[in-house]
$ cat work10.txt   # compact mmCIF, C-alpha atoms
# COMPACT_ATOMS: atom_id res chain seq x y z
CA MET A 1 18.45 -16.51 30.33
CA VAL A 2 21.32 -14.01 30.41
CA PRO A 3 20.73 -10.81 28.43
CA ARG A 4 23.11 -10.26 25.53
CA PRO A 5 24.35 -6.72 24.96
CA PHE A 6 22.83 -5.00 21.93
CA LYS A 7 23.36 -1.46 20.75
CA VAL A 8 20.91 0.93 19.17
CA LYS A 9 21.94 1.24 15.55
CA GLU A 10 19.07 3.43 14.39
CA ILE A 11 15.99 5.12 15.83
CA ILE A 12 12.88 5.71 13.74
CA ARG A 13 10.27 8.03 15.23
CA GLU A 14 6.92 6.53 14.27
CA SER A 15 4.60 8.92 16.12
CA HIS A 16 4.56 11.39 19.01
CA ASP A 17 4.94 8.58 21.58
CA THR A 18 6.25 5.62 19.59
CA VAL A 19 9.71 4.79 18.25
CA THR A 20 11.25 1.85 16.43
CA LEU A 21 14.67 0.80 17.63
CA ASP A 22 17.01 -1.06 15.30
CA LEU A 23 19.05 -3.25 17.63
CA GLN A 24 22.25 -5.01 16.63
CA PRO A 25 24.38 -7.38 18.72
CA GLU A 26 27.41 -5.67 20.21
CA LYS A 27 29.56 -8.65 19.32
CA PRO A 28 28.82 -9.61 15.72
CA GLU A 29 27.64 -13.19 15.84
CA LYS A 30 24.97 -15.15 14.07
CA GLU A 31 21.64 -14.44 15.71
CA PRO A 32 19.10 -17.26 15.96
CA GLY A 33 16.62 -15.40 13.73
CA PHE A 34 12.96 -15.03 14.57
CA ALA A 35 9.54 -16.07 13.43
CA PRO A 36 6.80 -13.45 12.92
CA GLY A 37 4.94 -13.10 16.20
CA GLN A 38 7.87 -13.78 18.52
CA PHE A 39 9.12 -11.33 21.13
CA ASN A 40 12.33 -10.39 22.92
CA MET A 41 12.85 -9.35 26.52
CA LEU A 42 14.52 -5.93 26.42
CA TYR A 43 16.45 -4.83 29.48
CA THR A 44 17.31 -1.21 30.14
CA PHE A 45 20.12 -1.21 32.66
CA GLY A 46 19.05 -0.02 36.07
CA VAL A 47 15.39 0.35 35.07
CA GLY A 48 13.91 -3.00 34.19
CA GLU A 49 12.98 -5.58 31.59
CA VAL A 50 9.88 -5.82 29.38
CA PRO A 51 8.67 -8.13 26.61
CA ILE A 52 8.53 -6.35 23.24
CA SER A 53 7.36 -7.97 20.01
CA ILE A 54 9.69 -8.00 17.06
CA SER A 55 8.38 -5.63 14.39
CA GLY A 56 10.92 -6.52 11.68
CA SER A 57 14.59 -6.74 10.88
CA SER A 58 16.78 -4.28 9.04
CA SER A 59 19.41 -6.79 7.94
CA GLY A 60 18.15 -10.34 7.80
CA ALA A 61 18.71 -12.39 10.91
CA ASP A 62 21.36 -10.21 12.53
CA SER A 63 19.21 -7.41 13.86
CA TYR A 64 15.83 -6.82 15.41
CA LEU A 65 13.41 -3.96 14.99
CA HIS A 66 11.33 -3.24 18.07
CA THR A 67 8.51 -0.72 17.98
CA ILE A 68 7.97 0.74 21.43
CA ARG A 69 5.24 2.98 22.76
CA ASP A 70 6.24 5.15 25.69
CA VAL A 71 3.66 4.13 28.30
CA GLY A 72 5.59 3.14 31.44
CA LYS A 73 8.90 3.40 33.23
CA VAL A 74 10.79 0.82 31.17
CA THR A 75 9.23 1.70 27.83
CA HIS A 76 9.99 5.36 28.55
CA ALA A 77 13.63 4.45 29.14
CA LEU A 78 13.68 2.42 25.91
CA ALA A 79 11.98 5.17 23.92
CA SER A 80 14.52 7.68 25.27
CA LEU A 81 17.59 5.71 24.16
CA LYS A 82 20.04 7.42 21.84
CA ARG A 83 21.91 5.95 18.94
CA GLY A 84 24.85 3.84 20.15
CA GLN A 85 23.43 3.20 23.63
CA LYS A 86 23.11 -0.32 24.92
CA VAL A 87 20.29 -2.59 26.02
CA GLY A 88 20.21 -6.18 27.20
CA LEU A 89 18.27 -8.60 25.03
CA ARG A 90 16.98 -12.11 25.67
CA GLY A 91 15.11 -14.04 23.05
CA PRO A 92 13.44 -14.52 20.69
CA PHE A 93 10.73 -16.26 22.65
CA GLY A 94 7.25 -17.59 21.99
CA ASN A 95 5.42 -19.08 19.05
CA ALA A 96 4.55 -17.60 15.68
CA TRP A 97 1.65 -16.44 13.54
CA PRO A 98 0.21 -19.25 11.37
CA ILE A 99 1.95 -18.21 8.17
CA GLU A 100 2.22 -21.74 6.76
CA GLN A 101 -1.32 -22.65 7.71
CA ALA A 102 -2.58 -19.58 5.87
CA LYS A 103 -1.22 -20.76 2.51
CA SER A 104 -3.87 -21.00 -0.22
CA ARG A 105 -6.27 -19.04 1.94
CA ASP A 106 -7.46 -15.47 2.27
CA VAL A 107 -5.86 -13.66 5.17
CA VAL A 108 -7.43 -10.94 7.30
CA ILE A 109 -5.02 -9.02 9.52
CA MET A 110 -6.65 -6.84 12.16
CA ALA A 111 -4.54 -4.46 14.17
CA GLY A 112 -5.31 -1.85 16.78
CA GLY A 113 -2.86 0.86 17.86
CA ILE A 114 0.63 -0.47 18.58
CA GLY A 115 -0.76 -3.91 17.64
CA LEU A 116 0.36 -3.41 14.06
CA ALA A 117 3.98 -3.84 15.18
CA PRO A 118 3.82 -7.59 15.97
CA LEU A 119 1.78 -8.15 12.81
CA ARG A 120 4.14 -6.37 10.44
CA PRO A 121 6.61 -9.31 10.20
CA ALA A 122 3.63 -11.58 9.47
CA LEU A 123 2.57 -9.27 6.66
CA TYR A 124 6.14 -9.17 5.33
CA ALA A 125 6.22 -12.99 5.37
CA LEU A 126 2.93 -13.19 3.45
CA LEU A 127 4.05 -10.62 0.91
CA SER A 128 7.40 -12.37 0.36
CA GLN A 129 5.38 -15.25 -1.10
CA ARG A 130 2.43 -13.25 -2.32
CA ASP A 131 1.29 -15.80 -4.90
CA GLN A 132 0.83 -18.44 -2.19
CA TYR A 133 -2.06 -16.58 -0.60
CA GLY A 134 -5.48 -15.38 -1.66
CA ASN A 135 -6.88 -11.98 -0.76
CA ILE A 136 -4.88 -10.27 1.95
CA SER A 137 -6.60 -7.56 4.00
CA LEU A 138 -5.17 -5.25 6.60
CA LEU A 139 -7.75 -3.62 8.86
CA TYR A 140 -6.11 -1.11 11.13
CA GLY A 141 -7.71 0.95 13.88
CA SER A 142 -6.10 3.78 15.75
CA ARG A 143 -7.03 6.53 18.17
CA THR A 144 -6.22 9.42 15.82
CA ARG A 145 -4.40 9.85 12.52
CA GLU A 146 -1.34 11.03 14.44
CA ASP A 147 -1.12 7.62 16.13
CA LEU A 148 -1.02 5.58 12.92
CA LEU A 149 2.10 3.44 12.58
CA PHE A 150 3.96 2.52 9.40
CA HIS A 151 1.57 4.59 7.26
CA HIS A 152 4.37 5.25 4.76
CA GLU A 153 4.19 1.54 3.87
CA PHE A 154 0.44 1.42 3.22
CA GLU A 155 0.70 2.53 -0.42
CA THR A 156 3.32 -0.12 -1.19
CA TRP A 157 1.23 -2.81 0.43
CA LYS A 158 -1.79 -1.68 -1.57
CA GLY A 159 -0.19 -0.85 -4.89
CA LYS A 160 2.58 -3.41 -5.22
CA TYR A 161 0.99 -6.36 -3.42
CA GLY A 162 -2.73 -5.78 -3.80
CA VAL A 163 -3.40 -5.78 -0.07
CA GLN A 164 -6.83 -4.40 0.85
CA VAL A 165 -5.73 -1.78 3.36
CA LYS A 166 -8.53 -0.15 5.39
CA VAL A 167 -7.80 2.25 8.19
CA SER A 168 -10.14 3.76 10.74
CA VAL A 169 -9.58 6.20 13.58
CA ASP A 170 -11.74 6.82 16.64
CA THR A 171 -12.12 10.56 16.03
CA ALA A 172 -10.86 12.97 13.40
CA ASP A 173 -11.05 16.49 12.11
CA ARG A 174 -12.09 17.42 8.58
CA ASP A 175 -8.60 16.99 7.14
CA TRP A 176 -8.92 13.24 7.59
CA LYS A 177 -10.45 11.69 4.47
CA GLY A 178 -10.54 8.12 5.76
CA ASN A 179 -12.89 6.15 7.98
CA VAL A 180 -13.94 7.10 11.48
CA GLY A 181 -15.24 4.41 13.79
CA VAL A 182 -14.09 1.23 15.45
CA VAL A 183 -11.93 -1.21 13.52
CA THR A 184 -14.61 -3.92 13.56
CA THR A 185 -16.71 -1.86 11.13
CA LEU A 186 -14.02 -2.40 8.49
CA ILE A 187 -14.58 -6.16 8.30
CA HIS A 188 -17.49 -5.76 5.89
CA ARG A 189 -15.56 -3.40 3.63
CA VAL A 190 -13.07 -5.98 2.34
CA SER A 191 -13.67 -9.17 0.42
CA PHE A 192 -12.61 -12.55 1.76
CA ASP A 193 -13.99 -16.06 1.75
CA PRO A 194 -14.87 -16.80 5.39
CA SER A 195 -14.85 -20.54 4.71
CA ASN A 196 -11.24 -20.39 3.53
CA CYS A 197 -9.65 -17.66 5.57
CA ILE A 198 -7.22 -17.17 8.44
CA ALA A 199 -7.45 -14.09 10.64
CA MET A 200 -4.66 -12.66 12.78
CA ILE A 201 -5.51 -10.02 15.37
CA CYS A 202 -3.35 -7.89 17.62
CA GLY A 203 -4.34 -4.92 19.71
CA PRO A 204 -5.87 -4.06 23.06
CA GLU A 205 -7.67 -7.10 24.47
CA ILE A 206 -11.13 -5.52 24.22
CA MET A 207 -10.53 -4.71 20.57
CA MET A 208 -9.36 -8.29 19.90
CA ARG A 209 -12.38 -9.76 21.66
CA PHE A 210 -14.88 -7.71 19.67
CA SER A 211 -12.95 -8.27 16.44
CA ALA A 212 -13.05 -12.04 16.95
CA MET A 213 -16.80 -11.94 17.66
CA GLU A 214 -17.40 -9.92 14.51
CA LEU A 215 -15.25 -12.28 12.42
CA VAL A 216 -17.21 -15.26 13.75
CA GLN A 217 -20.39 -13.44 12.80
CA ALA A 218 -18.93 -12.91 9.33
CA GLY A 219 -18.55 -16.70 9.03
CA LEU A 220 -15.00 -17.52 10.18
CA GLU A 221 -14.50 -20.58 12.36
CA GLU A 222 -13.09 -19.88 15.80
CA ASP A 223 -10.03 -22.07 15.23
CA LYS A 224 -9.11 -19.97 12.18
CA ILE A 225 -8.83 -16.79 14.22
CA TYR A 226 -5.52 -16.10 15.94
CA MET A 227 -4.61 -13.39 18.40
CA THR A 228 -1.52 -12.51 20.37
CA MET A 229 -1.91 -12.12 24.10
CA GLU A 230 -0.07 -9.99 26.60
CA ARG A 231 0.37 -10.48 30.32
CA ASN A 232 2.99 -9.61 32.91
CA MET A 233 5.95 -11.66 31.64
CA LYS A 234 9.07 -12.07 33.70
CA CYS A 235 11.16 -15.14 32.88
CA ALA A 236 9.78 -15.62 29.33
CA VAL A 237 10.46 -19.35 29.42
CA GLY A 238 7.54 -20.71 31.43
CA PHE A 239 9.22 -21.03 34.85
CA CYS A 240 7.95 -18.15 36.94
CA GLY A 241 4.22 -18.34 36.22
CA HIS A 242 3.68 -14.58 36.07
CA CYS A 243 2.02 -14.76 32.67
CA GLN A 244 -0.28 -17.68 33.41
CA PHE A 245 -3.48 -17.37 31.39
CA GLY A 246 -5.94 -20.08 32.30
CA PRO A 247 -4.11 -23.36 31.67
CA ALA A 248 -1.44 -21.73 29.50
CA PHE A 249 1.64 -19.59 29.93
CA ILE A 250 1.64 -16.71 27.46
CA CYS A 251 5.43 -16.72 27.11
CA LYS A 252 5.86 -20.44 26.48
CA ASP A 253 2.56 -21.56 24.93
CA GLY A 254 1.86 -18.25 23.19
CA PRO A 255 1.84 -15.36 22.71
CA VAL A 256 -0.19 -16.39 19.63
CA PHE A 257 -3.30 -18.42 20.42
CA SER A 258 -6.27 -19.54 18.38
CA TYR A 259 -9.53 -17.97 19.50
CA ASP A 260 -11.23 -21.30 20.25
CA ARG A 261 -8.45 -22.11 22.71
CA ILE A 262 -8.61 -18.92 24.74
CA LYS A 263 -12.23 -17.91 24.29
CA PRO A 264 -13.28 -19.28 27.72
CA PHE A 265 -10.66 -17.10 29.41
CA ILE A 266 -10.47 -13.94 27.35
CA SER A 267 -13.75 -12.55 28.65
CA THR A 268 -13.21 -13.66 32.26
CA ARG A 269 -12.25 -10.52 34.10
CA GLU A 270 -10.45 -12.31 36.94
CA ILE A 271 -7.89 -13.90 34.57
CA MET B 11 -29.49 1.28 -15.69
CA LYS B 12 -30.64 -0.44 -12.51
CA THR B 13 -34.12 0.29 -11.28
CA LEU B 14 -34.60 1.40 -7.69
CA GLU B 15 -36.40 -1.85 -6.90
CA SER B 16 -33.55 -3.98 -8.22
CA VAL B 17 -31.11 -2.06 -6.01
CA LEU B 18 -33.31 -2.27 -2.92
CA ILE B 19 -34.05 -5.97 -3.31
CA LYS B 20 -30.33 -6.80 -3.24
CA HIS B 21 -29.63 -4.72 -0.15
CA PRO B 22 -29.41 -6.72 3.12
CA PHE B 23 -31.72 -4.21 4.81
CA PHE B 24 -34.59 -5.37 2.58
CA GLU B 25 -33.74 -9.08 2.60
CA ASN B 26 -36.84 -11.31 2.75
CA LEU B 27 -39.16 -8.32 2.83
CA GLU B 28 -42.63 -9.10 1.49
CA ASP B 29 -43.14 -7.98 -2.12
CA SER B 30 -45.97 -5.62 -1.19
CA TYR B 31 -43.75 -3.88 1.37
CA LEU B 32 -40.86 -3.75 -1.06
CA ASN B 33 -43.14 -2.08 -3.61
CA LEU B 34 -44.23 0.37 -0.98
CA MET B 35 -40.63 1.16 -0.02
CA THR B 36 -39.68 1.57 -3.67
CA GLY B 37 -42.50 4.06 -4.01
CA CYS B 38 -41.00 6.07 -1.17
CA ALA B 39 -37.46 5.97 -2.63
CA LYS B 40 -35.52 8.20 -4.97
CA ASN B 41 -31.95 8.49 -6.18
CA ILE B 42 -30.00 11.40 -4.82
CA LYS B 43 -26.48 12.79 -5.21
CA PHE B 44 -24.36 14.89 -2.87
CA ASP B 45 -21.20 16.72 -3.85
CA ALA B 46 -18.08 16.54 -1.71
CA GLY B 47 -18.52 18.86 1.26
CA GLN B 48 -22.31 19.12 0.89
CA PHE B 49 -24.39 18.66 4.02
CA ILE B 50 -27.00 15.93 3.81
CA TYR B 51 -28.64 17.11 7.00
CA ARG B 52 -27.84 19.40 9.90
CA GLN B 53 -28.29 18.96 13.61
CA ASP B 54 -31.80 19.86 14.87
CA GLU B 55 -33.34 19.79 11.42
CA GLU B 56 -36.43 17.65 10.97
CA ALA B 57 -35.51 14.03 10.25
CA ASN B 58 -37.82 13.03 7.45
CA GLN B 59 -35.60 10.78 5.38
CA PHE B 60 -33.06 8.04 5.66
CA TYR B 61 -30.45 6.99 3.15
CA ILE B 62 -28.83 3.92 1.69
CA ILE B 63 -25.35 4.93 0.61
CA ARG B 64 -24.59 3.50 -2.82
CA GLN B 65 -21.24 5.17 -3.38
CA GLY B 66 -19.06 7.59 -1.45
CA LYS B 67 -18.63 8.43 2.20
CA VAL B 68 -20.54 10.48 4.74
CA ALA B 69 -19.06 11.96 7.92
CA LEU B 70 -21.24 12.37 11.00
CA GLU B 71 -19.95 15.48 12.70
CA ILE B 72 -20.49 17.29 15.93
CA CYS B 73 -19.31 20.84 16.31
CA PRO B 74 -18.42 22.21 19.75
CA PRO B 75 -19.15 25.97 19.88
CA GLY B 76 -16.25 27.99 18.54
CA LYS B 77 -14.24 24.91 17.65
CA THR B 78 -13.63 22.88 14.53
CA PRO B 79 -16.05 20.03 13.82
CA VAL B 80 -15.16 16.54 15.02
CA THR B 81 -16.05 13.49 12.95
CA VAL B 82 -17.40 10.74 15.20
CA GLN B 83 -18.37 8.20 12.55
CA THR B 84 -18.22 7.68 8.81
CA VAL B 85 -20.92 5.89 6.86
CA ASN B 86 -19.79 4.09 3.74
CA GLU B 87 -21.08 2.35 0.66
CA GLY B 88 -23.82 -0.17 1.42
CA GLU B 89 -24.59 1.26 4.85
CA ILE B 90 -27.69 2.93 6.24
CA LEU B 91 -27.54 6.58 7.21
CA GLY B 92 -30.03 7.91 9.74
CA TRP B 93 -32.62 6.48 12.10
CA ALA B 94 -33.93 9.63 13.82
CA TRP B 95 -36.80 9.69 11.29
CA LEU B 96 -38.43 6.80 13.15
CA VAL B 97 -37.96 8.01 16.71
CA PRO B 98 -39.64 11.11 18.20
CA PRO B 99 -38.94 14.01 18.14
CA TYR B 100 -37.80 13.18 14.56
CA ARG B 101 -34.82 15.53 14.58
CA TRP B 102 -31.21 14.88 13.60
CA ARG B 103 -28.70 14.85 16.43
CA PHE B 104 -25.58 15.31 14.29
CA ASP B 105 -24.52 16.94 11.05
CA ALA B 106 -24.08 14.58 8.11
CA ARG B 107 -21.66 15.77 5.43
CA ALA B 108 -20.56 14.00 2.25
CA THR B 109 -16.77 13.87 2.33
CA GLU B 110 -16.63 12.90 -1.35
CA LEU B 111 -19.10 12.61 -4.21
CA THR B 112 -21.83 10.45 -2.69
CA ARG B 113 -24.73 8.72 -4.37
CA ALA B 114 -27.56 7.39 -2.26
CA ILE B 115 -31.12 6.24 -2.25
CA ALA B 116 -33.24 8.51 -0.07
CA LEU B 117 -36.33 7.01 1.52
CA ASP B 118 -39.19 9.20 2.61
CA GLY B 119 -39.28 8.63 6.36
CA LYS B 120 -42.26 10.88 6.95
CA CYS B 121 -44.37 8.85 4.53
CA LEU B 122 -43.08 5.57 5.98
CA ARG B 123 -43.89 6.68 9.54
CA LYS B 124 -47.49 7.19 8.48
CA LYS B 125 -47.60 3.80 6.74
CA CYS B 126 -46.10 2.14 9.83
CA GLU B 127 -48.83 3.61 12.02
CA GLU B 128 -51.45 2.25 9.64
CA ASP B 129 -49.82 -1.17 9.25
CA LYS B 130 -48.15 -2.40 12.43
CA ASN B 131 -46.62 -5.38 10.62
CA LEU B 132 -44.75 -2.99 8.36
CA GLY B 133 -43.67 -1.04 11.44
CA TYR B 134 -42.38 -4.21 13.08
CA GLU B 135 -40.54 -5.26 9.91
CA LEU B 136 -38.82 -1.88 9.71
CA LEU B 137 -37.94 -1.85 13.40
CA LYS B 138 -36.44 -5.35 13.14
CA ARG B 139 -34.21 -4.08 10.35
CA LEU B 140 -33.28 -0.78 11.94
CA LEU B 141 -32.53 -2.10 15.43
CA PRO B 142 -29.33 -3.92 14.35
CA VAL B 143 -28.17 -0.67 12.70
CA ILE B 144 -28.83 1.22 15.94
CA GLY B 145 -27.32 -1.60 18.02
CA ARG B 146 -24.10 -1.68 16.00
CA THR B 147 -23.80 2.09 16.29
CA MET B 148 -24.30 1.92 20.04
CA GLU B 149 -21.76 -0.89 20.43
CA ALA B 150 -19.22 1.01 18.34
CA THR B 151 -19.82 4.15 20.40
CA ARG B 152 -19.22 2.24 23.62
CA LEU B 153 -15.95 0.88 22.27
CA GLN B 154 -14.90 4.38 21.24
CA LEU B 155 -15.80 5.63 24.73
CA VAL B 156 -13.57 2.99 26.32
CA ASP B 157 -10.67 4.58 24.40
CA VAL B 158 -8.96 1.21 24.03
CA TYR B 159 -5.90 2.72 22.37
CA GLY B 160 -5.39 5.34 25.07
CA LYS B 161 -2.71 5.08 27.74
CA ARG B 162 -3.66 3.18 30.87
CA ASP B 163 -3.05 4.70 34.31
$ encode --input "work10.txt" --output "structure tokens"
Amino acid sequence: MVPRPFKVKEIIRESHDTVTLDLQPEKPEKEPGFAPGQFNMLYTFGVGEVPISISGSSSGADSYLHTIRDVGKVTHALASLKRGQKVGLRGPFGNAWPIEQAKSRDVVIMAGGIGLAPLRPALYALLSQRDQYGNISLLYGSRTREDLLFHHEFETWKGKYGVQVKVSVDTADRDWKGNVGVVTTLIHRVSFDPSNCIAMICGPEIMMRFSAMELVQAGLEEDKIYMTMERNMKCAVGFCGHCQFGPAFICKDGPVFSYDRIKPFISTREI
Amino acid sequence: MKTLESVLIKHPFFENLEDSYLNLMTGCAKNIKFDAGQFIYRQDEEANQFYIIRQGKVALEICPPGKTPVTVQTVNEGEILGWAWLVPPYRWRFDARATELTRAIALDGKCLRKKCEEDKNLGYELLKRLLPVIGRTMEATRLQLVDVYGKRD
């Protein structure tokens, strides 16, 4: 429960409002490692603490990459950190994407905006054992081309690993040669066997809801669709109740849930 | 080389369409090609055709006066382009521009409108098939309007 001091080893500017921080423990010690989908609580001293998904690691288990969009007071403080500055870190917390369960199946990864960050470790895990999986598709939606994350990796994912990468933006000028429209329209542009497929979705809740509905329409069973939820997390270990979501706590029981489990709550506006 | 009928019969838009109607549609269809950058139709022009995109990509654009055009939707392989041919005043609302070499089947909407008036069953069949296209476009537009990736206040 006590934050451990970490220092910013490297800063990668991903877009005009998003950075990736490479965080390393101040005292070199073996970190517990993380599973794709887990998150850490990052504490900026004197400002506050927020849950941020782990978007990768630069050196095995001893560091964490966190991709942060500057949207509020704490994320602004995090995004403004300089190399060598310190943050407090608690974690990793939460459960993981169903990487094992996806073996021998096709995998559809759907991301919207900053939602690609929590999915990137899942994609890395799939690609590290590429022959264990069928078709892998990445469907990524973003507001504009300037907001796209990790686009320098798309060619590697496509060329080296045969991932079907489809990207769409909400609006574009004529320089953009890709798709324009919502991410759900990409589902029919990749091939996968809906009867033997696992889907993983991360993005704004509305985008996840419509993506899940479209995947069901495409033939996927609800218990084969997973999404990662976000609520106001405080303790991160299921004590405080801030992140209660229906009968579950996002921090302890999630953040990754199967669609059939949360469907009754995800479209209830009071929850 | 595939005949027009063999292409149409495999397209979901024509699934389970009566043979006589399929023959009629085939009679109203022709292959067409657009070069990259070529306009397929322009805003306010008469809408007398619709298209099944076989290959390539089409951008639907809107151009604010004095500004550069904005693409609001792309239409890709296998998708239907255009429904203004069936709805008065039969005029396009956007510009459609091929962003790459695009091959399509063009269907004569003006002819089909007339046939639909004469045969209401045909009209109903076509409406049943076009409404999901219009519905999906409307749903997508609403989601774009929500600006889900934008910053919240």
$ closest_residue --input "work10.txt" --among "B:Asp45, B:Asp29, B:Asp157, B:Glu127" --to "chain A" --atoms "all atoms listed in the file"
B:Asp157
$ atom_distance --input "work10.txt" --atom1 "atom CA of Leu96 of chain B" --atom2 "atom CA of Asp118 of chain B"
10.8 Å
$ residues_near_point --input "work10.txt" --point "(-12.5, 0.7, 25.7)" --cutoff "12 Å" --atoms "all atoms listed in the file" --output "PyMOL selection string"
(chain A and resi 112+143+170+182+203-210) or (chain B and resi 149-162)
$ residues_around --input "work10.txt" --residues "Asn86 of chain B" --least-positions-apart "6" --cutoff "7 Å" --atoms "only C-alpha atoms" --output "list in words"
Ile63, Gly66, Lys67 and Val68 of chain B
$ interface_residues --input "work10.txt" --of "chain B" --to "chain A" --cutoff "6 Å" --atoms "all atoms listed in the file" --output "ChimeraX atom specification"
/B:80-84,150,159
$ closest_residue --input "work10.txt" --among "B:Pro98, B:Phe60, B:Gln53, B:Leu122" --to "Glu135 of chain B" --atoms "only C-alpha atoms"
B:Leu122
$ residues_around --input "work10.txt" --residues "Asp62 of chain A" --least-positions-apart "3" --cutoff "10 Å" --atoms "all atoms listed in the file" --output "list in words"
Leu23, Gln24, Pro25, Pro28, Glu29, Lys30, Glu31, Pro32, Gly33, Phe34, Ser57, Ser58 and Ser59 of chain A
$ closest_residue --input "work10.txt" --among "A:Asn196, A:Ser15, A:Ser63, A:Asn40" --to "Gly91 of chain A" --atoms "all atoms listed in the file"
A:Asn40
$ residues_around --input "work10.txt" --residues "segment 14-20 of chain B" --least-positions-apart "6" --cutoff "8 Å" --atoms "all atoms listed in the file" --output "compact mmCIF listing (two decimals) with C-alpha atoms, in the frame of the given file"
# COMPACT_ATOMS: atom_id res chain seq x y z
CA LEU B 32 -40.86 -3.75 -1.06
CA ASN B 33 -43.14 -2.08 -3.61
CA THR B 36 -39.68 1.57 -3.67
CA ALA B 39 -37.46 5.97 -2.63
CA LYS B 40 -35.52 8.20 -4.97
CA ASN B 41 -31.95 8.49 -6.18
$ atom_distance --input "work10.txt" --atom1 "atom CA of Arg90 of chain A" --atom2 "atom CA of Leu42 of chain A"
6.7 Å
$ atom_distance --input "work10.txt" --atom1 "atom CA of Cys251 of chain A" --atom2 "atom CA of Met1 of chain A"
13.4 Å
$ residues_around --input "work10.txt" --residues "Ala57 of chain B" --least-positions-apart "6" --cutoff "9 Å" --atoms "all atoms listed in the file" --output "CSV table (one decimal) with C-alpha atoms, keeping the file's coordinate frame"
chain,number,residue,atom,x,y,z
B,51,TYR,CA,-28.6,17.1,7.0
B,92,GLY,CA,-30.0,7.9,9.7
B,93,TRP,CA,-32.6,6.5,12.1
B,94,ALA,CA,-33.9,9.6,13.8
B,95,TRP,CA,-36.8,9.7,11.3
B,96,LEU,CA,-38.4,6.8,13.2
B,99,PRO,CA,-38.9,14.0,18.1
B,100,TYR,CA,-37.8,13.2,14.6
B,101,ARG,CA,-34.8,15.5,14.6
B,102,TRP,CA,-31.2,14.9,13.6
B,119,GLY,CA,-39.3,8.6,6.4
B,120,LYS,CA,-42.3,10.9,7.0
$ closest_residue --input "work10.txt" --among "A:Val163, A:Val216, A:Ala77, A:Ala35" --to "Asn95 of chain A" --atoms "only C-alpha atoms"
A:Ala35
$ closest_residue --input "work10.txt" --among "A:Cys202, A:Ser128, A:Arg261, A:Ile109" --to "Gln164 of chain A" --atoms "only C-alpha atoms"
A:Ile109
$ residues_around --input "work10.txt" --residues "Thr75 of chain A" --least-positions-apart "6" --cutoff "10 Å" --atoms "all atoms listed in the file" --output "number ranges by chain"
A: 18, 42-44, 47-52, 68-69, 81
$ closest_residue --input "work10.txt" --among "A:Lys73, A:Lys166, A:Arg4, A:His16" --to "Gly88 of chain A" --atoms "all atoms listed in the file"
A:Arg4
$ axis_aligned_box --input "work10.txt" --around "segment 135-150 of chain B" --padding-each-side "8 Å" --output "AutoDock Vina command-line options"
--center_x -29.9 --center_y -1.6 --center_z 15.1 --size_x 37.3 --size_y 23.4 --size_z 26.7
